[in-house]
$ cat data.cif   # mmCIF, C-alpha atoms
data_data
#
loop_
_atom_site.label_atom_id
_atom_site.label_comp_id
_atom_site.auth_asym_id
_atom_site.auth_seq_id
_atom_site.Cartn_x
_atom_site.Cartn_y
_atom_site.Cartn_z
CA MET A 442 43.31 44.40 4.25
CA ASP A 443 40.47 45.26 6.55
CA MET A 444 42.88 45.38 9.48
CA LEU A 445 45.30 47.64 7.62
CA THR A 446 42.64 50.27 6.91
CA GLN A 447 41.62 50.09 10.58
CA TRP A 448 45.24 50.57 11.60
CA LEU A 449 45.68 53.57 9.32
CA GLY A 450 42.59 55.12 10.88
CA TRP A 451 43.94 54.63 14.42
CA LEU A 452 47.48 55.80 13.79
CA PRO A 453 46.72 59.54 14.17
CA SER A 454 45.40 58.97 17.70
CA LEU A 455 48.24 56.60 18.64
CA VAL A 456 51.08 58.87 17.52
CA PRO A 457 50.65 61.37 20.41
CA GLY A 458 50.80 58.37 22.77
CA LEU A 459 54.00 57.17 21.13
CA LEU A 460 55.50 60.64 21.56
CA VAL A 461 54.69 60.52 25.29
CA SER A 462 56.30 57.04 25.47
CA LEU A 463 59.43 58.36 23.79
CA GLN A 464 59.45 61.44 26.02
CA LEU A 465 59.14 59.25 29.10
CA THR A 466 61.94 57.00 27.85
CA GLY A 467 64.16 59.94 26.93
CA LEU A 468 63.73 61.73 30.26
CA SER A 469 64.29 58.53 32.25
CA LEU A 470 67.52 57.89 30.37
CA LEU A 471 68.62 61.52 30.59
CA PHE A 472 68.32 61.49 34.39
CA GLY A 473 68.86 57.77 34.96
CA PHE A 474 72.29 57.37 33.36
CA PRO A 475 74.01 60.20 35.29
CA LEU A 476 72.30 58.89 38.43
CA GLY A 477 73.67 55.44 37.70
CA LEU A 478 77.17 56.83 37.23
CA LEU A 479 76.81 58.70 40.52
CA PHE A 480 75.74 55.49 42.30
CA ALA A 481 78.67 53.61 40.77
CA VAL A 482 81.18 56.26 41.83
CA MET A 483 79.63 56.40 45.31
CA ALA A 484 79.90 52.61 45.60
CA ALA A 485 83.60 52.85 44.71
CA ALA A 486 84.21 55.70 47.18
CA LYS A 487 86.05 54.93 50.41
CA ILE A 488 83.45 56.70 52.54
CA ALA A 489 81.13 54.17 54.19
CA PRO A 490 77.89 56.24 54.35
CA LEU A 491 78.15 56.97 50.63
CA GLN A 492 78.51 53.26 49.94
CA TRP A 493 75.46 52.45 52.08
CA ILE A 494 73.29 55.07 50.38
CA SER A 495 74.34 53.82 46.96
CA PHE A 496 73.73 50.19 48.00
CA LEU A 497 70.26 50.99 49.34
CA PHE A 498 69.10 52.93 46.28
CA VAL A 499 70.56 50.42 43.82
CA GLU A 500 69.16 47.35 45.56
CA VAL A 501 65.70 48.85 45.97
CA GLY A 502 65.70 50.08 42.37
CA ARG A 503 66.75 46.68 41.04
CA GLY A 504 65.09 44.43 43.56
CA LEU A 505 61.56 45.77 43.29
CA PRO A 506 59.53 45.11 40.17
CA ALA A 507 59.33 48.35 38.16
CA LEU A 508 55.57 48.18 38.53
CA VAL A 509 55.77 48.12 42.33
CA LEU A 510 58.22 51.02 42.27
CA LEU A 511 55.78 52.95 40.12
CA TYR A 512 52.83 52.25 42.41
CA LEU A 513 54.97 52.95 45.48
CA LEU A 514 55.70 56.49 44.32
CA TYR A 515 52.25 57.03 42.84
CA PHE A 516 50.41 56.12 46.05
CA SER A 517 52.87 57.49 48.60
CA LEU A 518 54.05 60.86 47.25
CA PRO A 519 50.62 62.54 47.57
CA ASP A 520 50.44 61.39 51.22
CA ALA A 521 53.76 63.13 51.80
CA GLY A 522 52.19 66.31 50.46
CA ILE A 523 53.90 66.10 47.07
CA THR A 524 51.45 66.18 44.18
CA LEU A 525 53.00 65.51 40.81
CA THR A 526 51.51 64.69 37.44
CA SER A 527 51.41 61.01 36.60
CA LEU A 528 54.02 61.61 33.88
CA THR A 529 56.46 63.13 36.40
CA THR A 530 55.84 60.25 38.80
CA ALA A 531 56.52 57.75 36.01
CA VAL A 532 59.71 59.61 35.06
CA ILE A 533 60.93 59.46 38.68
CA ALA A 534 60.13 55.74 39.02
CA LEU A 535 61.74 54.80 35.70
CA THR A 536 64.73 57.05 36.44
CA TRP A 537 65.30 55.24 39.71
CA ASN A 538 64.95 51.87 38.00
CA THR A 539 67.25 52.87 35.13
CA GLY A 540 69.79 54.42 37.49
CA ALA A 541 69.96 51.25 39.58
CA TYR A 542 70.57 48.99 36.58
CA ALA A 543 72.91 51.50 34.89
CA SER A 544 75.05 51.75 38.03
CA GLU A 545 75.84 48.03 37.75
CA TYR A 546 77.02 48.49 34.16
CA PHE A 547 79.06 51.56 35.09
CA ARG A 548 80.55 49.67 38.01
CA ALA A 549 81.49 46.79 35.72
CA GLY A 550 83.00 49.27 33.28
CA LEU A 551 85.02 50.99 36.00
CA ALA A 552 86.21 47.63 37.34
CA ALA A 553 87.28 46.55 33.86
CA VAL A 554 89.83 49.38 33.54
CA PRO A 555 93.18 47.85 34.55
CA LEU A 556 94.73 49.17 37.77
CA GLY A 557 97.89 49.97 35.79
CA GLN A 558 95.98 52.78 34.10
CA LYS A 559 95.42 54.46 37.45
CA GLU A 560 99.06 53.99 38.41
CA ALA A 561 100.20 55.32 35.04
CA ALA A 562 97.94 58.35 35.52
CA LEU A 563 99.45 58.91 38.97
CA THR A 564 103.02 58.73 37.68
CA SER A 565 102.04 61.17 34.92
CA GLY A 566 100.95 63.61 37.60
CA LEU A 567 97.20 63.15 37.05
CA ARG A 568 95.90 62.73 40.57
CA GLY A 569 92.42 62.19 42.01
CA TRP A 570 89.56 63.70 40.09
CA THR A 571 91.59 64.79 37.04
CA GLY A 572 93.06 61.33 36.56
CA PHE A 573 89.64 59.77 37.01
CA ARG A 574 88.05 62.15 34.52
CA VAL A 575 90.59 62.01 31.70
CA ILE A 576 92.06 58.51 32.07
CA ILE A 577 89.70 56.10 33.84
CA LEU A 578 86.24 57.38 32.93
CA PRO A 579 86.60 57.47 29.13
CA GLN A 580 87.84 53.88 29.07
CA ALA A 581 85.12 52.74 31.47
CA LEU A 582 82.43 54.48 29.41
CA ARG A 583 83.54 52.70 26.25
CA ILE A 584 83.16 49.36 28.00
CA SER A 585 79.77 50.16 29.53
CA THR A 586 78.23 51.75 26.44
CA PRO A 587 76.91 48.61 24.69
CA PRO A 588 75.10 47.22 27.77
CA LEU A 589 73.77 50.71 28.53
CA ALA A 590 72.37 50.98 25.02
CA GLY A 591 70.72 47.60 25.57
CA LEU A 592 69.28 48.96 28.82
CA ALA A 593 67.88 51.95 26.92
CA VAL A 594 65.89 49.54 24.75
CA LEU A 595 64.51 47.85 27.87
CA VAL A 596 63.55 51.23 29.34
CA PHE A 597 61.55 51.95 26.19
CA GLN A 598 59.69 48.68 26.69
CA GLY A 599 59.31 49.46 30.38
CA SER A 600 57.71 52.81 29.58
CA ALA A 601 54.58 50.80 28.72
CA LEU A 602 54.16 50.24 32.48
CA ALA A 603 53.27 53.90 32.95
CA PHE A 604 49.90 52.85 31.54
CA VAL A 605 48.86 51.66 35.02
CA ILE A 606 49.04 55.16 36.49
CA ALA A 607 47.19 56.70 33.55
CA VAL A 608 50.09 58.37 31.76
CA PRO A 609 48.69 58.99 28.25
CA GLU A 610 51.36 56.91 26.49
CA LEU A 611 51.06 54.39 23.66
CA MET A 612 49.52 51.59 25.71
CA SER A 613 46.87 53.87 27.25
CA LYS A 614 45.95 55.27 23.86
CA GLY A 615 45.61 51.72 22.59
CA PHE A 616 43.44 50.85 25.57
CA GLU A 617 41.28 53.92 24.91
CA ILE A 618 40.69 52.97 21.28
CA ALA A 619 40.08 49.34 22.22
CA SER A 620 37.42 50.24 24.79
CA ILE A 621 35.57 52.35 22.21
CA THR A 622 35.80 50.01 19.22
CA PHE A 623 35.99 46.63 21.05
CA GLU A 624 38.66 45.67 18.49
CA TYR A 625 41.05 44.56 21.24
CA LEU A 626 43.07 42.11 19.19
CA SER A 627 43.60 44.48 16.29
CA VAL A 628 44.52 47.48 18.48
CA TYR A 629 46.99 45.57 20.62
CA LEU A 630 48.52 43.96 17.55
CA LEU A 631 49.13 47.46 16.20
CA THR A 632 50.75 48.62 19.46
CA ALA A 633 52.83 45.42 19.46
CA VAL A 634 53.96 46.20 15.90
CA ILE A 635 54.87 49.78 16.86
CA TYR A 636 56.81 48.69 19.96
CA GLY A 637 58.43 45.84 18.06
CA SER A 638 59.55 47.83 15.05
CA LEU A 639 60.94 50.71 17.13
CA THR A 640 62.77 48.24 19.39
CA LEU A 641 64.30 46.56 16.33
CA LEU A 642 65.38 49.98 15.06
CA PHE A 643 67.03 50.78 18.42
CA LEU A 644 68.71 47.37 18.50
CA GLY A 645 70.12 48.08 15.05
CA PHE A 646 71.60 51.32 16.42
CA VAL A 647 73.10 49.44 19.36
CA GLN A 648 74.87 47.03 17.00
CA LEU A 649 76.17 49.90 14.91
CA LEU A 650 77.42 51.67 18.05
CA GLU A 651 79.10 48.51 19.31
CA ARG A 652 80.94 48.09 16.03
CA ARG A 653 82.00 51.73 15.95
CA LEU A 654 83.30 51.74 19.52
CA GLY A 655 85.26 48.56 18.88
CA ARG A 656 86.92 49.94 15.73
CA HIS A 657 90.35 50.39 17.28
CA LEU A 658 90.34 46.78 18.51
CA GLN A 659 89.86 45.30 15.05
CA ARG A 660 92.83 44.49 12.91
CA ASN A 661 91.81 45.19 9.34
CA MET B 998 49.26 48.70 60.95
CA ILE B 999 51.85 46.42 59.42
CA THR B 1000 50.36 43.47 61.31
CA GLU B 1001 47.17 43.90 59.27
CA LEU B 1002 48.85 44.77 55.96
CA LEU B 1003 51.36 41.94 55.86
CA PRO B 1004 48.87 39.04 55.97
CA ALA B 1005 46.55 40.88 53.57
CA ILE B 1006 49.27 41.29 50.96
CA ALA B 1007 51.01 37.97 51.62
CA ARG B 1008 47.82 36.26 50.39
CA GLY B 1009 49.15 37.00 46.92
CA VAL B 1010 52.44 35.14 47.37
CA GLY B 1011 50.89 31.82 46.30
CA LEU B 1012 49.65 33.09 42.95
CA THR B 1013 52.86 35.06 42.30
CA LEU B 1014 54.85 31.86 42.80
CA TYR B 1015 52.35 29.81 40.81
CA VAL B 1016 52.33 32.14 37.79
CA THR B 1017 56.14 32.52 37.87
CA GLY B 1018 56.83 28.81 38.40
CA ALA B 1019 54.35 27.54 35.82
CA SER B 1020 55.57 30.03 33.21
CA LEU B 1021 59.20 29.17 33.89
CA VAL B 1022 58.54 25.42 33.51
CA ILE B 1023 56.33 25.72 30.41
CA GLY B 1024 58.59 28.37 28.90
CA GLY B 1025 61.60 26.21 29.74
CA VAL B 1026 60.15 23.25 27.83
CA ILE B 1027 59.17 25.37 24.81
CA GLY B 1028 62.64 26.92 25.01
CA LEU B 1029 64.18 23.44 24.67
CA VAL B 1030 62.17 22.86 21.51
CA LEU B 1031 63.20 26.29 20.23
CA VAL B 1032 66.89 25.75 20.83
CA GLY B 1033 66.61 22.39 19.09
CA ALA B 1034 64.84 24.06 16.17
CA ALA B 1035 67.46 26.81 16.04
CA ARG B 1036 70.12 24.11 15.47
CA SER B 1037 68.06 22.16 12.97
CA PRO B 1038 69.65 21.21 9.64
CA PHE B 1039 66.66 22.78 7.80
CA ALA B 1040 67.11 26.49 7.13
CA ILE B 1041 63.36 27.16 7.27
CA VAL B 1042 63.02 25.63 10.76
CA ARG B 1043 66.01 27.65 11.94
CA GLY B 1044 64.49 30.79 10.41
CA ILE B 1045 61.15 30.28 12.14
CA ALA B 1046 62.79 29.67 15.52
CA THR B 1047 64.96 32.80 15.22
CA LEU B 1048 62.00 34.88 14.07
CA TYR B 1049 59.87 33.63 16.99
CA ILE B 1050 62.61 34.43 19.53
CA ASN B 1051 63.11 37.94 18.15
CA VAL B 1052 59.42 38.79 17.79
CA VAL B 1053 58.73 37.69 21.36
CA ARG B 1054 61.60 39.70 22.77
CA VAL B 1055 60.90 43.03 21.08
CA ILE B 1056 57.29 43.32 22.32
CA PRO B 1057 56.83 44.59 25.90
CA PRO B 1058 55.42 42.00 28.36
CA ILE B 1059 52.39 44.16 29.18
CA THR B 1060 51.47 44.29 25.48
CA TRP B 1061 51.67 40.48 25.34
CA LEU B 1062 49.37 40.13 28.32
CA PHE B 1063 46.80 42.53 26.88
CA LEU B 1064 46.95 40.86 23.47
CA ILE B 1065 46.23 37.50 25.05
CA TYR B 1066 43.75 38.50 27.73
CA PHE B 1067 41.74 41.09 25.79
CA GLY B 1068 42.52 40.08 22.21
CA LEU B 1069 42.02 36.31 22.12
CA PRO B 1070 38.38 36.31 23.32
CA GLN B 1071 37.58 37.80 19.89
CA PHE B 1072 38.30 34.31 18.58
CA ALA B 1073 35.86 32.98 21.18
CA LEU B 1074 38.87 31.84 23.21
CA ARG B 1075 37.95 33.01 26.67
CA LEU B 1076 40.72 32.61 29.19
CA SER B 1077 40.76 33.14 32.93
CA THR B 1078 43.15 35.84 34.14
CA ILE B 1079 45.53 33.23 35.53
CA GLN B 1080 45.53 31.22 32.31
CA ALA B 1081 46.16 34.36 30.26
CA ALA B 1082 49.04 35.40 32.53
CA ILE B 1083 50.65 31.96 32.41
CA ILE B 1084 50.31 31.74 28.62
CA GLY B 1085 51.76 35.25 28.20
CA PHE B 1086 54.70 34.74 30.53
CA SER B 1087 55.36 31.26 29.10
CA ILE B 1088 55.68 32.75 25.62
CA ILE B 1089 58.05 35.43 26.91
CA ALA B 1090 60.04 32.98 29.05
CA SER B 1091 60.41 30.51 26.16
CA ALA B 1092 62.34 33.05 24.08
CA PHE B 1093 64.65 34.04 26.94
CA MET B 1094 65.17 30.45 28.07
CA ALA B 1095 66.08 29.46 24.50
CA GLU B 1096 68.81 32.12 24.54
CA ILE B 1097 70.08 30.87 27.91
CA TYR B 1098 70.20 27.26 26.69
CA ARG B 1099 72.00 28.40 23.56
CA SER B 1100 74.75 30.08 25.57
CA GLY B 1101 74.95 26.96 27.75
CA LEU B 1102 75.38 24.76 24.68
CA LEU B 1103 77.99 27.10 23.22
CA SER B 1104 80.13 26.59 26.32
CA ILE B 1105 80.45 22.83 25.60
CA PRO B 1106 83.59 22.24 23.50
CA ASP B 1107 83.11 20.35 20.22
CA GLY B 1108 85.60 17.80 21.52
CA GLN B 1109 82.92 16.44 23.87
CA ARG B 1110 80.65 15.58 20.96
CA GLU B 1111 83.56 14.15 18.99
CA ALA B 1112 84.71 12.07 21.95
CA ALA B 1113 81.17 10.71 22.42
CA HIS B 1114 81.05 9.89 18.73
CA ALA B 1115 84.42 8.13 18.92
CA LEU B 1116 83.10 6.05 21.82
CA GLY B 1117 80.23 4.92 19.60
CA LEU B 1118 77.45 6.72 21.50
CA SER B 1119 74.32 7.47 19.49
CA ALA B 1120 73.19 11.04 18.87
CA VAL B 1121 70.37 10.79 21.42
CA THR B 1122 72.63 9.29 24.09
CA THR B 1123 75.21 12.00 23.43
CA VAL B 1124 72.67 14.77 23.97
CA ARG B 1125 71.08 13.00 26.94
CA HIS B 1126 74.18 11.93 28.88
CA ILE B 1127 77.05 14.08 27.62
CA ILE B 1128 75.83 17.49 26.44
CA THR B 1129 72.75 18.23 28.58
CA PRO B 1130 74.27 17.60 32.04
CA GLN B 1131 77.23 19.85 31.26
CA ALA B 1132 75.17 22.54 29.55
CA PHE B 1133 72.66 22.52 32.40
CA ARG B 1134 75.35 23.19 34.97
CA VAL B 1135 76.62 26.17 32.96
CA ALA B 1136 73.10 27.50 32.36
CA LEU B 1137 71.83 27.12 35.93
CA PRO B 1138 72.95 30.52 37.32
CA ALA B 1139 71.51 32.27 34.26
CA ILE B 1140 68.24 30.36 34.67
CA ALA B 1141 68.03 31.42 38.33
CA THR B 1142 68.71 35.05 37.40
CA TYR B 1143 66.05 34.89 34.72
CA GLY B 1144 63.64 33.25 37.18
CA ILE B 1145 64.10 36.21 39.54
CA GLY B 1146 63.51 38.58 36.61
CA LEU B 1147 60.35 36.69 35.71
CA LEU B 1148 59.21 36.87 39.34
CA LYS B 1149 59.42 40.66 39.14
CA ASP B 1150 57.75 40.71 35.71
CA SER B 1151 54.90 38.63 37.13
CA ALA B 1152 53.80 41.78 38.99
CA LEU B 1153 52.35 42.80 35.62
CA ALA B 1154 49.75 40.06 35.95
CA SER B 1155 47.98 42.37 38.41
CA THR B 1156 47.09 44.67 35.48
CA ILE B 1157 44.78 41.98 34.07
CA GLY B 1158 43.42 41.18 37.52
CA VAL B 1159 45.44 38.19 38.75
CA ARG B 1160 45.28 38.30 42.54
CA GLU B 1161 48.96 38.20 43.28
CA ILE B 1162 51.18 40.31 45.54
CA THR B 1163 50.94 43.58 43.62
CA TYR B 1164 47.18 43.19 43.20
CA TYR B 1165 46.60 42.88 46.95
CA ALA B 1166 49.07 45.69 47.67
CA GLN B 1167 47.05 47.93 45.37
CA GLN B 1168 43.83 46.90 47.11
CA SER B 1169 45.32 47.68 50.52
CA ALA B 1170 46.68 51.00 49.30
CA LYS B 1171 43.23 52.04 48.11
CA GLN B 1172 41.36 50.78 51.17
CA THR B 1173 43.68 51.86 53.97
CA HIS B 1174 45.33 54.93 52.41
CA GLU B 1175 48.64 53.46 53.54
CA GLY B 1176 50.10 53.62 50.04
CA LEU B 1177 53.74 53.75 51.07
CA LEU B 1178 53.51 50.94 53.61
CA SER B 1179 51.47 48.65 51.32
CA PHE B 1180 53.99 48.79 48.52
CA VAL B 1181 56.97 48.64 50.87
CA VAL B 1182 55.50 45.37 52.17
CA ALA B 1183 54.94 44.14 48.61
CA GLY B 1184 58.48 45.13 47.64
CA ALA B 1185 59.91 43.40 50.71
CA LEU B 1186 58.04 40.20 49.79
CA TYR B 1187 59.53 40.26 46.28
CA ILE B 1188 63.02 40.85 47.65
CA VAL B 1189 62.69 38.03 50.19
CA ILE B 1190 61.51 35.58 47.50
CA SER B 1191 64.34 36.69 45.18
CA LEU B 1192 66.89 36.16 47.94
CA VAL B 1193 65.58 32.68 48.71
CA VAL B 1194 65.72 31.73 45.01
CA ALA B 1195 69.24 33.15 44.71
CA LEU B 1196 70.47 31.29 47.80
CA VAL B 1197 68.92 27.96 46.75
CA SER B 1198 70.34 28.19 43.24
CA ARG B 1199 73.75 29.02 44.68
CA GLN B 1200 73.63 25.96 46.90
CA VAL B 1201 72.58 23.73 43.98
CA ASP B 1202 75.33 25.23 41.84
CA LEU B 1203 77.95 24.65 44.53
CA GLY B 1204 76.68 21.10 45.00
CA LEU B 1205 76.99 20.40 41.27
CA ARG B 1206 80.46 21.87 41.20
CA LYS B 1207 81.59 19.76 44.12
CA LYS B 1208 80.17 16.63 42.50
CA ILE B 1209 82.27 17.02 39.36
CA GLY B 1210 85.26 18.40 41.22
CA VAL B 1211 85.40 21.92 39.77
CA ALA B 1212 86.56 24.42 42.37
#
$ encode --input "data.cif" --output "structure tokens"
Amino acid sequence: MDMLTQWLGWLPSLVPGLLVSLQLTGLSLLFGFPLGLLFAVMAAAKIAPLQWISFLFVEVGRGLPALVLLYLLYFSLPDAGITLTSLTTAVIALTWNTGAYASEYFRAGLAAVPLGQKEAALTSGLRGWTGFRVIILPQALRISTPPLAGLAVLVFQGSALAFVIAVPELMSKGFEIASITFEYLSVYLLTAVIYGSLTLLFLGFVQLLERRLGRHLQRN
Amino acid sequence: MITELLPAIARGVGLTLYVTGASLVIGGVIGLVLVGAARSPFAIVRGIATLYINVVRVIPPITWLFLIYFGLPQFALRLSTIQAAIIGFSIIASAFMAEIYRSGLLSIPDGQREAAHALGLSAVTTVRHIITPQAFRVALPAIATYGIGLLKDSALASTIGVREITYYAQQSAKQTHEGLLSFVVAGALYIVISLVVALVSRQVDLGLRKKIGVA
């Protein structure tokens, strides 16, 4: 009971942090997914330099721990004369990370569309970009949507990393309260509950989405 | 410059490997218990195992570490940074390893168990000599992939002060003002370790395949 009253007292100061977490997640997904699609398309292109660039960005984005990527940008951008807020830096790092992982899912989705679809598009007179846009891409997107939604949940959890470069998100707010009240266990339990319940909510959405996208495959 | 940075940051490789390895082993053992519990005939045991796996997975790793390192001392349970990191990552790894084992077990056809039963093998012998060797071979690539993921997650241990790769990279970045280079070196170390793990697991996997005659 005691803990619950404490929690209710802290909630007003944690909510702004949660909003920053959600903003960070939202922006990273908003930029990260199109970036991932771009990387996937570049990797499938027949132009070698495009493939190399895509390979480099994807492997660095996936191969480095998100934390190292975050520090890398945070410590190096100011030296290059670029001063950004910590939130912007975190958005760039998470976007890169998200884009790299998303590109793999997009690539898998594109690869899963049978070659016959492309040939059928060609014989129907839909060449190049048009065929890709109206025939291949929609089918690929349906296949890659469930793993991408799962990735979105992971990005939300990853947004907690922005704490280390002092972005005022949920974890930092929790840390702030904990250093004032010394109630570390209670504060971090509350943040864990917030992260956990929101993640469960998102996962519920993902399941719903998966079922909806698979509707036409079910037979009664 | 890089000749000074590399040895300074590479000092952390030992602890990175130690934290990752210990957590993977401890988490792997707890995961075995969990997957056993998840298949238990008692609904309550199954329920607890499923709840544990889900609770662990929905909370971000950094929150786990802070809960353990900053929260537990309130119960007069004072842990060193390394202990806290290993406990935290073991808890996280146990849930993911349990899921990996489960998918490995699912890939074993029921016929194997039935055949073992028909041959008069006991339940323990069946699990020990029939199910586990086959499930392990299926699960190995997933375990290696998860191990690489855990290696990257272990960078988080630097936030509670474990002196691993990221910790030393941060120190160098602050002391030498070579932020870019420090973290490029750290990143390169992680990638090299990941590649070695991937190559070794591939070799082991190929070896196992050859042994049982699967292409």
$ interface_residues --input "data.cif" --of "chain A" --to "chain B" --cutoff "6 Å" --atoms "all atoms listed in the file" --output "PyMOL selection string"
chain A and resi 504-506+513+516-517+598+625-626+629+633+636-637+640
$ atom_distance --input "data.cif" --atom1 "atom CA of Leu578 of chain A" --atom2 "atom CA of Arg503 of chain A"
23.7 Å
$ resolve_selection --input "data.cif" --expression "the PyMOL selection byres ((chain A and resi 551-558) around 12)" --output "ChimeraX atom specification"
/A:478,481-482,484-485,544-550,559-565,567-568,572-586
$ write_last_selection --input "data.cif" --atoms "C-alpha atoms" --output "PDB file, in the coordinates of the input"
ATOM      1  CA  LEU A 478      77.170  56.830  37.230  1.00  0.00           C
ATOM      2  CA  ALA A 481      78.670  53.610  40.770  1.00  0.00           C
ATOM      3  CA  VAL A 482      81.180  56.260  41.830  1.00  0.00           C
ATOM      4  CA  ALA A 484      79.900  52.610  45.600  1.00  0.00           C
ATOM      5  CA  ALA A 485      83.600  52.850  44.710  1.00  0.00           C
ATOM      6  CA  SER A 544      75.050  51.750  38.030  1.00  0.00           C
ATOM      7  CA  GLU A 545      75.840  48.030  37.750  1.00  0.00           C
ATOM      8  CA  TYR A 546      77.020  48.490  34.160  1.00  0.00           C
ATOM      9  CA  PHE A 547      79.060  51.560  35.090  1.00  0.00           C
ATOM     10  CA  ARG A 548      80.550  49.670  38.010  1.00  0.00           C
ATOM     11  CA  ALA A 549      81.490  46.790  35.720  1.00  0.00           C
ATOM     12  CA  GLY A 550      83.000  49.270  33.280  1.00  0.00           C
ATOM     13  CA  LYS A 559      95.420  54.460  37.450  1.00  0.00           C
ATOM     14  CA  GLU A 560      99.060  53.990  38.410  1.00  0.00           C
ATOM     15  CA  ALA A 561     100.200  55.320  35.040  1.00  0.00           C
ATOM     16  CA  ALA A 562      97.940  58.350  35.520  1.00  0.00           C
ATOM     17  CA  LEU A 563      99.450  58.910  38.970  1.00  0.00           C
ATOM     18  CA  THR A 564     103.020  58.730  37.680  1.00  0.00           C
ATOM     19  CA  SER A 565     102.040  61.170  34.920  1.00  0.00           C
ATOM     20  CA  LEU A 567      97.200  63.150  37.050  1.00  0.00           C
ATOM     21  CA  ARG A 568      95.900  62.730  40.570  1.00  0.00           C
ATOM     22  CA  GLY A 572      93.060  61.330  36.560  1.00  0.00           C
ATOM     23  CA  PHE A 573      89.640  59.770  37.010  1.00  0.00           C
ATOM     24  CA  ARG A 574      88.050  62.150  34.520  1.00  0.00           C
ATOM     25  CA  VAL A 575      90.590  62.010  31.700  1.00  0.00           C
ATOM     26  CA  ILE A 576      92.060  58.510  32.070  1.00  0.00           C
ATOM     27  CA  ILE A 577      89.700  56.100  33.840  1.00  0.00           C
ATOM     28  CA  LEU A 578      86.240  57.380  32.930  1.00  0.00           C
ATOM     29  CA  PRO A 579      86.600  57.470  29.130  1.00  0.00           C
ATOM     30  CA  GLN A 580      87.840  53.880  29.070  1.00  0.00           C
ATOM     31  CA  ALA A 581      85.120  52.740  31.470  1.00  0.00           C
ATOM     32  CA  LEU A 582      82.430  54.480  29.410  1.00  0.00           C
ATOM     33  CA  ARG A 583      83.540  52.700  26.250  1.00  0.00           C
ATOM     34  CA  ILE A 584      83.160  49.360  28.000  1.00  0.00           C
ATOM     35  CA  SER A 585      79.770  50.160  29.530  1.00  0.00           C
ATOM     36  CA  THR A 586      78.230  51.750  26.440  1.00  0.00           C
TER      37      THR A 586
END
$ atom_distance --input "data.cif" --atom1 "atom CA of Gly1108 of chain B" --atom2 "atom CA of Ile1127 of chain B"
11.1 Å
$ resolve_selection --input "data.cif" --expression "the PyMOL selection byres ((chain A and resi 642-648) around 10)" --output "PyMOL selection string"
(chain A and resi 586-591+593-594+597+636-641+649-654) or (chain B and resi 1055)
$ residues_around --input "data.cif" --residues "Thr530 of chain A" --least-positions-apart "4" --cutoff "8 Å" --atoms "only C-alpha atoms" --output "list of chain:residue names"
A:Leu511, A:Leu514, A:Tyr515, A:Leu525, A:Thr526, A:Ala534
$ write_last_selection --input "data.cif" --atoms "C-alpha atoms" --output "PDB file, in the coordinates of the input"
ATOM      1  CA  LEU A 511      55.780  52.950  40.120  1.00  0.00           C
ATOM      2  CA  LEU A 514      55.700  56.490  44.320  1.00  0.00           C
ATOM      3  CA  TYR A 515      52.250  57.030  42.840  1.00  0.00           C
ATOM      4  CA  LEU A 525      53.000  65.510  40.810  1.00  0.00           C
ATOM      5  CA  THR A 526      51.510  64.690  37.440  1.00  0.00           C
ATOM      6  CA  ALA A 534      60.130  55.740  39.020  1.00  0.00           C
TER       7      ALA A 534
END
$ atom_distance --input "data.cif" --atom1 "atom CA of Thr539 of chain A" --atom2 "atom CA of Gly473 of chain A"
5.2 Å
$ residues_near_point --input "data.cif" --point "(56.2, 28.7, 30.3)" --cutoff "9 Å" --atoms "only C-alpha atoms" --output "number ranges by chain"
B: 1017-1028, 1083-1091
$ closest_residue --input "data.cif" --among "B:Ala1115, B:Lys1207, B:Arg1160, B:Asp1202" --to "Gly1011 of chain B" --atoms "all atoms listed in the file"
B:Arg1160
$ residues_around --input "data.cif" --residues "Ala1195 of chain B" --least-positions-apart "5" --cutoff "10 Å" --atoms "only C-alpha atoms" --output "list in words"
Pro1138, Ala1141, Thr1142, Gly1144, Ile1145, Val1189, Ile1190 and Gln1200 of chain B
$ resolve_selection --input "data.cif" --expression "the PyMOL selection byres ((chain B and resi 1033-1042) around 12)" --output "MDAnalysis selection string"
chainID B and resid 1026:1032 1043:1050 1092 1095:1096 1098:1099 1102:1103 1124
$ closest_residue --input "data.cif" --among "B:Val1010, B:Ala1073, B:Leu1003, B:Ile1105" --to "Val1135 of chain B" --atoms "only C-alpha atoms"
B:Ile1105
$ residues_near_point --input "data.cif" --point "(50.4, 55.7, 30.0)" --cutoff "12 Å" --atoms "only C-alpha atoms" --output "count of residues only"
39
$ build_atoms --input "data.cif" --residues "segment 457-461 of chain A" --atoms "N, CA and C atoms" --output "short mmCIF file (atom, residue, chain, number, x, y, z; two decimals), in the frame of the given file"
data_model
loop_
_atom_site.label_atom_id
_atom_site.label_comp_id
_atom_site.auth_asym_id
_atom_site.auth_seq_id
_atom_site.Cartn_x
_atom_site.Cartn_y
_atom_site.Cartn_z
N PRO A 457 50.36 60.57 19.20
CA PRO A 457 50.65 61.37 20.41
C PRO A 457 51.06 60.49 21.58
N GLY A 458 50.43 59.30 21.70
CA GLY A 458 50.80 58.37 22.77
C GLY A 458 52.25 57.91 22.63
N LEU A 459 52.63 57.61 21.38
CA LEU A 459 54.00 57.17 21.13
C LEU A 459 54.98 58.27 21.52
N LEU A 460 54.60 59.52 21.20
CA LEU A 460 55.50 60.64 21.56
C LEU A 460 55.67 60.72 23.07
N VAL A 461 54.57 60.50 23.83
CA VAL A 461 54.69 60.52 25.29
C VAL A 461 55.60 59.37 25.75
#
